[in-house]
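upload_29.cif follows; it contains mmCIF, C-alpha atoms.
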data_input
loop_
_atom_site.label_atom_id
_atom_site.label_comp_id
_atom_site.auth_asym_id
_atom_site.auth_seq_id
_atom_site.Cartn_x
_atom_site.Cartn_y
_atom_site.Cartn_z
CA MET A 182 0.00 0.00 0.00
CA SER A 183 0.87 3.56 -0.32
CA ALA A 184 0.85 5.57 2.86
CA VAL A 185 -0.81 8.50 1.13
CA ARG A 186 -3.02 8.11 -1.94
CA ARG A 187 -4.95 10.78 -3.78
CA GLU A 188 -7.06 10.44 -6.90
CA ILE A 189 -8.45 13.23 -9.05
CA VAL A 190 -9.99 13.57 -12.52
CA LEU A 191 -8.46 16.55 -14.26
CA PRO A 192 -9.98 18.60 -17.10
CA ALA A 193 -7.16 17.95 -19.58
CA GLU A 194 -5.75 15.25 -21.79
CA PRO A 195 -3.04 12.95 -20.39
CA GLY A 196 -0.42 14.67 -22.54
CA GLN A 197 -1.23 18.05 -20.98
CA VAL A 198 -1.22 16.58 -17.48
CA TRP A 199 2.13 14.92 -18.18
CA GLU A 200 3.52 18.28 -19.28
CA ALA A 201 2.19 19.91 -16.11
CA ILE A 202 3.72 17.35 -13.76
CA THR A 203 7.09 17.02 -15.50
CA SER A 204 8.14 20.31 -17.13
CA PRO A 205 9.74 23.00 -14.96
CA GLU A 206 7.40 25.56 -16.57
CA GLY A 207 4.33 23.46 -15.79
CA LEU A 208 5.45 22.70 -12.25
CA ARG A 209 6.16 26.38 -11.62
CA GLU A 210 2.45 27.07 -12.24
CA TRP A 211 0.98 24.77 -9.60
CA PHE A 212 3.51 22.85 -7.55
CA GLY A 213 4.93 25.79 -5.66
CA ALA A 214 8.53 24.97 -6.49
CA ASP A 215 11.28 25.55 -8.99
CA VAL A 216 12.13 22.11 -10.27
CA ALA A 217 15.12 20.92 -12.25
CA TRP A 218 15.40 17.27 -13.09
CA GLU A 219 16.62 14.83 -15.63
CA LEU A 220 13.58 12.80 -16.63
CA THR A 221 15.25 9.48 -17.08
CA PRO A 222 15.51 6.52 -14.69
CA GLY A 223 18.24 7.37 -12.19
CA GLY A 224 18.21 11.03 -13.17
CA ALA A 225 18.95 13.58 -10.46
CA GLY A 226 16.49 16.26 -9.50
CA HIS A 227 16.18 19.31 -7.31
CA PHE A 228 13.12 21.07 -5.91
CA ARG A 229 13.33 24.54 -4.41
CA GLU A 230 9.99 25.16 -2.78
CA ASP A 231 8.41 28.55 -2.33
CA ASP A 232 8.70 28.27 1.46
CA GLY A 233 12.48 28.22 1.03
CA SER A 234 13.00 24.52 1.67
CA ALA A 235 14.86 22.35 -0.79
CA ARG A 236 14.54 18.72 -1.77
CA GLU A 237 16.72 16.41 -3.74
CA ALA A 238 15.22 13.75 -5.96
CA ARG A 239 16.11 10.70 -7.99
CA VAL A 240 13.87 9.77 -10.89
CA GLY A 241 12.63 6.20 -11.09
CA THR A 242 9.93 5.14 -13.55
CA VAL A 243 9.34 7.31 -16.62
CA GLU A 244 6.53 6.27 -18.97
CA PRO A 245 5.53 9.46 -20.80
CA GLY A 246 1.83 10.19 -20.55
CA ARG A 247 1.28 7.25 -18.20
CA ARG A 248 3.54 6.99 -15.22
CA LEU A 249 6.20 8.89 -13.31
CA GLY A 250 7.95 7.76 -10.17
CA PHE A 251 10.64 9.45 -8.15
CA ARG A 252 12.25 9.31 -4.73
CA TRP A 253 12.76 12.61 -2.95
CA TRP A 254 14.07 13.81 0.38
CA PRO A 255 14.80 17.06 2.24
CA GLU A 256 18.20 18.28 1.09
CA GLY A 257 20.90 16.48 3.08
CA HIS A 258 18.44 14.05 4.72
CA GLU A 259 18.22 11.05 2.45
CA ASP A 260 17.18 9.01 5.48
CA GLU A 261 13.84 10.85 5.29
CA ALA A 262 13.21 9.85 1.68
CA SER A 263 9.84 8.91 0.31
CA ASP A 264 8.65 7.55 -3.03
CA VAL A 265 6.17 9.47 -5.14
CA ASP A 266 4.28 7.83 -7.95
CA TYR A 267 1.95 9.44 -10.48
CA GLU A 268 -0.31 7.28 -12.61
CA LEU A 269 -2.28 8.83 -15.46
CA SER A 270 -5.15 7.30 -17.41
CA GLU A 271 -7.79 8.64 -19.78
CA ASP A 272 -11.14 9.28 -18.16
CA GLY A 273 -13.80 10.52 -20.56
CA GLU A 274 -12.71 13.96 -21.72
CA GLY A 275 -10.20 14.25 -18.92
CA THR A 276 -7.42 12.41 -17.14
CA ARG A 277 -7.55 10.41 -13.96
CA LEU A 278 -4.45 11.08 -11.89
CA VAL A 279 -3.51 8.87 -8.95
CA VAL A 280 -0.71 10.14 -6.73
CA THR A 281 0.83 8.02 -4.02
CA GLU A 282 3.61 8.80 -1.58
CA THR A 283 5.16 6.25 0.76
CA PRO A 284 8.19 6.55 3.03
CA ALA A 285 11.20 4.70 1.68
CA VAL A 286 12.68 1.98 3.86
CA PRO A 287 15.92 3.48 5.18
CA VAL A 288 17.58 0.27 6.29
CA PRO A 289 16.77 -2.74 4.14
CA VAL A 290 14.98 -5.36 6.17
CA PRO A 291 16.52 -8.73 5.29
CA ALA A 292 14.27 -10.96 3.25
CA SER A 293 14.41 -13.51 6.04
CA SER A 294 12.41 -11.14 8.23
CA CYS A 295 9.50 -11.21 5.83
CA SER A 296 6.53 -13.44 5.46
CA GLN A 297 7.24 -14.75 1.98
CA ILE A 298 10.43 -16.48 2.89
CA GLY A 299 12.10 -17.99 -0.12
CA ARG A 300 10.32 -15.74 -2.56
CA GLY A 301 12.89 -13.52 -4.24
CA SER A 302 15.49 -14.35 -1.65
CA ASP A 303 17.93 -11.74 -2.93
CA GLN A 304 15.20 -9.13 -2.95
CA ILE A 305 14.11 -7.05 -0.02
CA CYS A 306 10.59 -8.34 -0.04
CA CYS A 307 9.40 -6.02 2.69
CA THR A 308 9.91 -3.02 0.47
CA ASN A 309 7.74 -4.66 -2.18
CA ALA A 310 4.91 -5.34 0.22
CA ARG A 311 1.77 -3.53 -0.77
CA TRP A 312 -1.09 -2.54 1.48
CA THR A 313 -3.58 -3.51 -1.18
CA ASP A 314 -6.05 -4.80 1.36
CA TRP A 315 -5.81 -1.86 3.59
CA ASP A 316 -6.40 1.82 3.01
CA SER A 317 -5.19 4.74 4.99
CA ARG A 318 -8.56 5.40 6.62
CA LEU A 319 -8.45 1.96 8.12
CA PHE A 320 -4.89 2.59 9.28
CA ARG A 321 -6.07 5.70 11.08
CA VAL A 322 -8.78 3.85 12.99
CA TRP A 323 -6.43 0.99 13.72
CA ALA A 324 -3.57 3.20 14.87
CA SER A 325 -5.93 5.17 17.12
CA SER A 326 -7.21 2.02 18.78
CA LEU A 327 -3.68 0.75 19.42
CA LEU A 328 -2.41 4.09 20.65
CA THR A 329 -5.15 4.26 23.24
CA SER A 330 -4.92 0.61 24.28
CA ARG A 331 -3.25 -0.35 27.50
CA VAL A 332 -0.02 -2.10 26.66
CA MET B 20 16.65 -6.38 20.07
CA ASN B 21 18.58 -6.48 23.30
CA ASP B 22 16.17 -4.11 24.87
CA GLN B 23 16.32 -5.81 28.24
CA ASP B 24 19.65 -4.06 28.72
CA ARG B 25 18.10 -0.65 28.43
CA PRO B 26 17.33 0.77 31.86
CA ASP B 27 14.38 2.89 30.81
CA ARG B 28 12.40 3.62 27.72
CA PRO B 29 13.18 6.88 26.00
CA ASP B 30 10.42 9.30 25.02
CA GLN B 31 11.05 8.72 21.35
CA PRO B 32 10.45 5.25 19.98
CA GLU B 33 13.50 3.39 18.82
CA GLY B 34 13.58 2.09 15.30
CA ASP B 35 14.66 2.67 11.76
CA GLY B 36 12.16 5.43 11.10
CA ILE B 37 8.81 5.84 9.45
CA GLY B 38 9.82 3.88 6.36
CA ALA B 39 10.47 0.84 8.53
CA VAL B 40 7.11 1.34 10.25
CA PHE B 41 5.19 1.32 6.98
CA ALA B 42 7.18 -1.64 5.66
CA ALA B 43 6.50 -3.57 8.86
CA LEU B 44 2.79 -2.78 8.78
CA ALA B 45 2.39 -3.77 5.14
CA ASP B 46 2.14 -7.39 6.19
CA PRO B 47 -1.25 -8.57 7.49
CA THR B 48 0.28 -11.17 9.81
CA ARG B 49 2.35 -8.49 11.51
CA ARG B 50 -0.78 -6.40 11.97
CA SER B 51 -2.45 -9.44 13.53
CA VAL B 52 0.53 -9.85 15.86
CA MET B 53 0.22 -6.23 16.96
CA ALA B 54 -3.55 -6.43 17.40
CA ARG B 55 -3.16 -9.56 19.53
CA MET B 56 -0.55 -7.88 21.71
CA ALA B 57 -2.77 -4.82 22.09
CA GLN B 58 -5.49 -7.06 23.51
CA ALA B 59 -3.41 -9.45 25.58
CA GLY B 60 -0.36 -7.45 26.61
CA PRO B 61 3.19 -8.85 26.37
CA LEU B 62 3.36 -12.31 24.80
CA THR B 63 6.04 -14.81 23.87
CA ALA B 64 6.57 -15.97 20.30
CA SER B 65 5.22 -19.40 21.27
CA GLN B 66 2.04 -17.90 22.68
CA LEU B 67 1.54 -15.87 19.51
CA ALA B 68 2.16 -18.93 17.33
CA THR B 69 -0.64 -20.87 19.01
CA GLU B 70 -3.10 -18.10 18.21
CA LEU B 71 -2.03 -17.30 14.66
CA PRO B 72 -1.97 -19.54 11.59
CA VAL B 73 1.83 -19.38 11.28
CA SER B 74 4.77 -21.25 12.79
CA ARG B 75 6.71 -20.05 15.80
CA GLN B 76 9.71 -19.51 13.53
CA ALA B 77 7.66 -17.25 11.28
CA VAL B 78 6.31 -15.35 14.30
CA VAL B 79 9.89 -14.69 15.45
CA LYS B 80 10.75 -13.25 12.02
CA HIS B 81 7.69 -11.02 12.10
CA LEU B 82 8.61 -9.86 15.59
CA GLN B 83 12.09 -8.99 14.30
CA ALA B 84 10.59 -6.84 11.54
CA LEU B 85 8.33 -5.12 14.07
CA GLY B 86 11.38 -4.64 16.30
CA HIS B 87 13.29 -2.93 13.46
CA ALA B 88 10.41 -0.50 13.22
CA GLY B 89 10.42 0.12 16.98
CA LEU B 90 6.88 -1.25 17.23
CA VAL B 91 7.71 -4.07 19.66
CA HIS B 92 10.41 -4.56 22.27
CA ALA B 93 11.83 -7.84 23.52
CA GLU B 94 12.01 -8.30 27.27
CA ARG B 95 13.64 -11.29 28.92
CA GLN B 96 11.49 -12.82 31.66
CA GLY B 97 13.52 -15.61 33.21
CA ARG B 98 14.01 -18.21 30.50
CA GLU B 99 11.46 -16.63 28.18
CA VAL B 100 11.51 -13.64 25.90
CA GLN B 101 8.34 -11.63 26.00
CA TYR B 102 7.46 -9.10 23.36
CA ARG B 103 5.79 -5.89 24.34
CA LEU B 104 3.93 -3.64 21.93
CA ASP B 105 5.12 -0.05 21.60
CA PRO B 106 2.53 1.74 19.49
CA ARG B 107 4.22 5.15 19.72
CA ALA B 108 5.79 4.75 16.30
CA LEU B 109 2.26 4.53 14.86
CA GLY B 110 1.67 8.08 16.03
CA GLY B 111 4.62 9.28 13.96
CA ALA B 112 3.34 7.39 10.94
CA ARG B 113 -0.09 8.93 11.34
CA THR B 114 1.34 12.44 11.60
CA TRP B 115 3.40 11.80 8.46
CA MET B 116 0.28 10.70 6.57
CA ASP B 117 -1.67 13.75 7.71
CA ASP B 118 1.09 16.21 6.76
CA VAL B 119 1.97 14.66 3.41
CA GLY B 120 -1.70 14.13 2.52
CA ALA B 121 -2.53 17.77 3.27
CA ARG B 122 0.30 18.90 0.99
CA TRP B 123 -1.00 16.76 -1.89
CA ASP B 124 -4.55 18.06 -1.38
CA LYS B 125 -3.22 21.58 -1.76
CA ARG B 126 -1.04 20.75 -4.76
CA LEU B 127 -3.74 18.83 -6.64
CA ALA B 128 -6.27 21.61 -6.10
CA ALA B 129 -3.71 23.99 -7.61
CA LEU B 130 -3.06 21.58 -10.50
CA GLU B 131 -6.78 21.38 -11.23
CA ARG B 132 -7.06 25.17 -11.27
CA HIS B 133 -3.99 25.41 -13.51
CA LEU B 134 -5.37 22.92 -16.06
CA ALA B 135 -8.87 24.45 -16.02
CA ARG B 136 -7.49 27.75 -17.24
#
Show me, as structure tokens, the structure contained in the file I just sent.
Amino acid sequence: MSAVRREIVLPAEPGQVWEAITSPEGLREWFGADVAWELTPGGAGHFREDDGSAREARVGTVEPGRRLGFRWWPEGHEDEASDVDYELSEDGEGTRLVVTETPAVPVPVPASSCSQIGRGSDQICCTNARWTDWDSRLFRVWASSLLTSRV
Amino acid sequence: MNDQDRPDRPDQPEGDGIGAVFAALADPTRRSVMARMAQAGPLTASQLATELPVSRQAVVKHLQALGHAGLVHAERQGREVQYRLDPRALGGARTWMDDVGARWDKRLAALERHLAR
């Protein structure tokens, strides 16, 4: 699962949305940051936000018009990194945009600590775990109940 | 997880940070482990294994992952190791979700306005 997930249908074609979320000119208009990045897997990026804070980024998935993924973190604090993923799809006259952001795992948890032992033994399976059966609203209720429980 | 050596528990939860918390919680068995401990209090791996459809060995691995995230602490009680739930790290995860979610709400509203022009 993604820790944060937002979905919106935008009044524009996927190509226009792609331009808005990737080009420095487009981002300047709505994101609230000056962005410079190399839009290729592994490409470096830099966000200078209007509040004065800065973030570094590393581009992951790039599928023009469909999908963009990147990891970003407050400048100098890669241990606070999180992964952002945009997914675009046509929706009638517009574009459905799904944005997710999930904290990156700072220290790889060995595969042996995970439930699917033996599956992708050289992989860090915990980082591939998805909260597909569980949305963030449920997390909130669940976390609240545990935080108030007597332990 | 040699937490029995620590004289007192610090205010901040120990662990590898919010990323480790979310990774640990992504697994439904680990959530079951935490829910069980929230109801019953500290438990041993053997006790958890009798109540969950997984082996004791698997329970130990899940407890290790939860330990990395600072969500459980091991405490030696005589010959046994008991695991105690520490839900404080969940509070940090919840705050992170609220803050990051609010930022995306703001950004996407701005994106919608930008594209509607």
Exercise for the section: Taking the file as shown, find all residues satisfying the PyMOL selection byres ((chain A and resi 245) around 10) and write them as a ChimeraX atom specification. Expected result: /A:195-196,199-200,203,220,242-244,246-249,269
Handout entry: Top pick for closest residue to chain A, considering B:Lys80, B:Arg136, B:Arg95, B:Lys125 and counting all atoms listed in the file
Key = B:Lys80
Problem - Distance in Å - CA of Leu90 (chain B) versus CA of Thr281 (chain A) - result: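 Separating CA of Leu90 (chain B) from CA of Thr281 (chain A) is a distance of 24.0 Å.
Neighbourhood of point (3.7, -19.0, 26.2): residues with an atom at most 12 Å away, counting all atoms listed in the file, are B:Ala59, B:Pro61, B:Leu62, B:Thr63, B:Ala64, B:Ser65, B:Gln66, B:Leu67, B:Ala68, B:Thr69, B:Glu70, B:Arg75, B:Gln96, B:Arg98, B:Glu99, B:Val100, B:Gln101, B:Tyr102.
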Atoms to include: C-alpha atoms. Write the selected residues as a tab-separated table (two decimals), in the coordinates of the input.
chain	number	residue	atom	x	y	z
B	59	ALA	CA	-3.41	-9.45	25.58
B	61	PRO	CA	3.19	-8.85	26.37
B	62	LEU	CA	3.36	-12.31	24.80
B	63	THR	CA	6.04	-14.81	23.87
B	64	ALA	CA	6.57	-15.97	20.30
B	65	SER	CA	5.22	-19.40	21.27
B	66	GLN	CA	2.04	-17.90	22.68
B	67	LEU	CA	1.54	-15.87	19.51
B	68	ALA	CA	2.16	-18.93	17.33
B	69	THR	CA	-0.64	-20.87	19.01
B	70	GLU	CA	-3.10	-18.10	18.21
B	75	ARG	CA	6.71	-20.05	15.80
B	96	GLN	CA	11.49	-12.82	31.66
B	98	ARG	CA	14.01	-18.21	30.50
B	99	GLU	CA	11.46	-16.63	28.18
B	100	VAL	CA	11.51	-13.64	25.90
B	101	GLN	CA	8.34	-11.63	26.00
B	102	TYR	CA	7.46	-9.10	23.36
Chain B near chain A within 8 Å: what's each residue's closest atom pair and its distance in Å to one decimal, counting only C-alpha atoms, ordered by chain then ascending residue number, as JSON lines?
{"residue": "B:Asp35", "atom": "CA", "partner": "A:Val288", "partner_atom": "CA", "distance": 6.6}
{"residue": "B:Gly36", "atom": "CA", "partner": "A:Pro287", "partner_atom": "CA", "distance": 7.3}
{"residue": "B:Ile37", "atom": "CA", "partner": "A:Pro284", "partner_atom": "CA", "distance": 6.5}
{"residue": "B:Gly38", "atom": "CA", "partner": "A:Val286", "partner_atom": "CA", "distance": 4.2}
{"residue": "B:Ala39", "atom": "CA", "partner": "A:Val286", "partner_atom": "CA", "distance": 5.3}
{"residue": "B:Phe41", "atom": "CA", "partner": "A:Pro284", "partner_atom": "CA", "distance": 7.2}
{"residue": "B:Ala42", "atom": "CA", "partner": "A:Cys307", "partner_atom": "CA", "distance": 5.7}
{"residue": "B:Ala43", "atom": "CA", "partner": "A:Cys307", "partner_atom": "CA", "distance": 7.2}
{"residue": "B:Ala45", "atom": "CA", "partner": "A:Trp312", "partner_atom": "CA", "distance": 5.2}
{"residue": "B:Asp46", "atom": "CA", "partner": "A:Ala310", "partner_atom": "CA", "distance": 6.9}
{"residue": "B:Thr48", "atom": "CA", "partner": "A:Ser296", "partner_atom": "CA", "distance": 7.9}
{"residue": "B:Ala54", "atom": "CA", "partner": "A:Leu327", "partner_atom": "CA", "distance": 7.5}
{"residue": "B:Met56", "atom": "CA", "partner": "A:Val332", "partner_atom": "CA", "distance": 7.6}
{"residue": "B:Ala57", "atom": "CA", "partner": "A:Val332", "partner_atom": "CA", "distance": 6.0}
{"residue": "B:Gln58", "atom": "CA", "partner": "A:Ser330", "partner_atom": "CA", "distance": 7.7}
{"residue": "B:Gly60", "atom": "CA", "partner": "A:Val332", "partner_atom": "CA", "distance": 5.4}
{"residue": "B:Pro61", "atom": "CA", "partner": "A:Val332", "partner_atom": "CA", "distance": 7.5}
{"residue": "B:Ala77", "atom": "CA", "partner": "A:Ser296", "partner_atom": "CA", "distance": 7.0}
{"residue": "B:Lys80", "atom": "CA", "partner": "A:Ser294", "partner_atom": "CA", "distance": 4.6}
{"residue": "B:His81", "atom": "CA", "partner": "A:Ser294", "partner_atom": "CA", "distance": 6.1}
{"residue": "B:Gln83", "atom": "CA", "partner": "A:Ser294", "partner_atom": "CA", "distance": 6.4}
{"residue": "B:Ala84", "atom": "CA", "partner": "A:Ser294", "partner_atom": "CA", "distance": 5.7}
{"residue": "B:His87", "atom": "CA", "partner": "A:Val290", "partner_atom": "CA", "distance": 7.9}
{"residue": "B:Arg103", "atom": "CA", "partner": "A:Val332", "partner_atom": "CA", "distance": 7.3}
{"residue": "B:Leu104", "atom": "CA", "partner": "A:Val332", "partner_atom": "CA", "distance": 6.4}
{"residue": "B:Asp105", "atom": "CA", "partner": "A:Val332", "partner_atom": "CA", "distance": 7.5}
{"residue": "B:Pro106", "atom": "CA", "partner": "A:Leu328", "partner_atom": "CA", "distance": 5.6}
{"residue": "B:Arg107", "atom": "CA", "partner": "A:Leu328", "partner_atom": "CA", "distance": 6.8}
{"residue": "B:Leu109", "atom": "CA", "partner": "A:Ala324", "partner_atom": "CA", "distance": 6.0}
{"residue": "B:Gly110", "atom": "CA", "partner": "A:Ala324", "partner_atom": "CA", "distance": 7.3}
{"residue": "B:Arg113", "atom": "CA", "partner": "A:Arg321", "partner_atom": "CA", "distance": 6.8}
{"residue": "B:Met116", "atom": "CA", "partner": "A:Val185", "partner_atom": "CA", "distance": 6.0}
{"residue": "B:Val119", "atom": "CA", "partner": "A:Val185", "partner_atom": "CA", "distance": 7.1}
{"residue": "B:Gly120", "atom": "CA", "partner": "A:Val185", "partner_atom": "CA", "distance": 5.9}
{"residue": "B:Trp123", "atom": "CA", "partner": "A:Arg187", "partner_atom": "CA", "distance": 7.4}
{"residue": "B:Asp124", "atom": "CA", "partner": "A:Arg187", "partner_atom": "CA", "distance": 7.7}
{"residue": "B:Arg126", "atom": "CA", "partner": "A:Phe212", "partner_atom": "CA", "distance": 5.7}
{"residue": "B:Leu127", "atom": "CA", "partner": "A:Ile189", "partner_atom": "CA", "distance": 7.7}
{"residue": "B:Ala129", "atom": "CA", "partner": "A:Trp211", "partner_atom": "CA", "distance": 5.2}
{"residue": "B:Leu130", "atom": "CA", "partner": "A:Trp211", "partner_atom": "CA", "distance": 5.2}
{"residue": "B:Glu131", "atom": "CA", "partner": "A:Leu191", "partner_atom": "CA", "distance": 5.9}
{"residue": "B:His133", "atom": "CA", "partner": "A:Trp211", "partner_atom": "CA", "distance": 6.4}
{"residue": "B:Leu134", "atom": "CA", "partner": "A:Ala193", "partner_atom": "CA", "distance": 6.3}
{"residue": "B:Ala135", "atom": "CA", "partner": "A:Pro192", "partner_atom": "CA", "distance": 6.1}
Exercise for the section: Write out as a list in words which residues come within 7 Å of Pro205 (chain A) when counting only C-alpha atoms, dropping same-chain ones fewer than 4 positions away. Expected result: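 With the cut-off at 7 Å, the set is Arg209, Asp215, Val216 and Ala217 of chain A.
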Practice task
Take CA of Arg236 (chain A) and CA of Trp115 (chain B) and report the distance between them in Å, one decimal.
Solution key: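 Going from CA of Arg236 (chain A) over to CA of Trp115 (chain B), I get 16.6 Å.
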Handout entry: Between CA of Ser204 (chain A) and CA of Ala128 (chain B), distance in Å (one decimal)
Key = 18.2 Å
Problem - Distance query Leu82 (chain B) at most 8 Å, all atoms listed in the file, self and fewer than 3 positions along chain excluded, as a ChimeraX atom specification - result: /B:49,64,78-79,85-86,91,102
Can those selected residues be exported to a file as a PDB file, in the coordinates of the input so that it contains C-alpha atoms?
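File produced: result_31.pdb:
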ATOM      1  CA  ARG B  49       2.350  -8.490  11.510  1.00  0.00           C
ATOM      2  CA  ALA B  64       6.570 -15.970  20.300  1.00  0.00           C
ATOM      3  CA  VAL B  78       6.310 -15.350  14.300  1.00  0.00           C
ATOM      4  CA  VAL B  79       9.890 -14.690  15.450  1.00  0.00           C
ATOM      5  CA  LEU B  85       8.330  -5.120  14.070  1.00  0.00           C
ATOM      6  CA  GLY B  86      11.380  -4.640  16.300  1.00  0.00           C
ATOM      7  CA  VAL B  91       7.710  -4.070  19.660  1.00  0.00           C
ATOM      8  CA  TYR B 102       7.460  -9.100  23.360  1.00  0.00           C
TER       9      TYR B 102
END
Handout entry: Distance criterion (all atoms listed in the file): nearest to Val265 (chain A) out of A:Ala214, A:Ala225, A:Val279, A:Ala235
Key = A:Val279
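Of the listed residues (A:Glu274, A:Asp266, A:Gly233, A:Arg239), A:Arg239 comes nearest to Trp253 (chain A); the distances count all atoms listed in the file.
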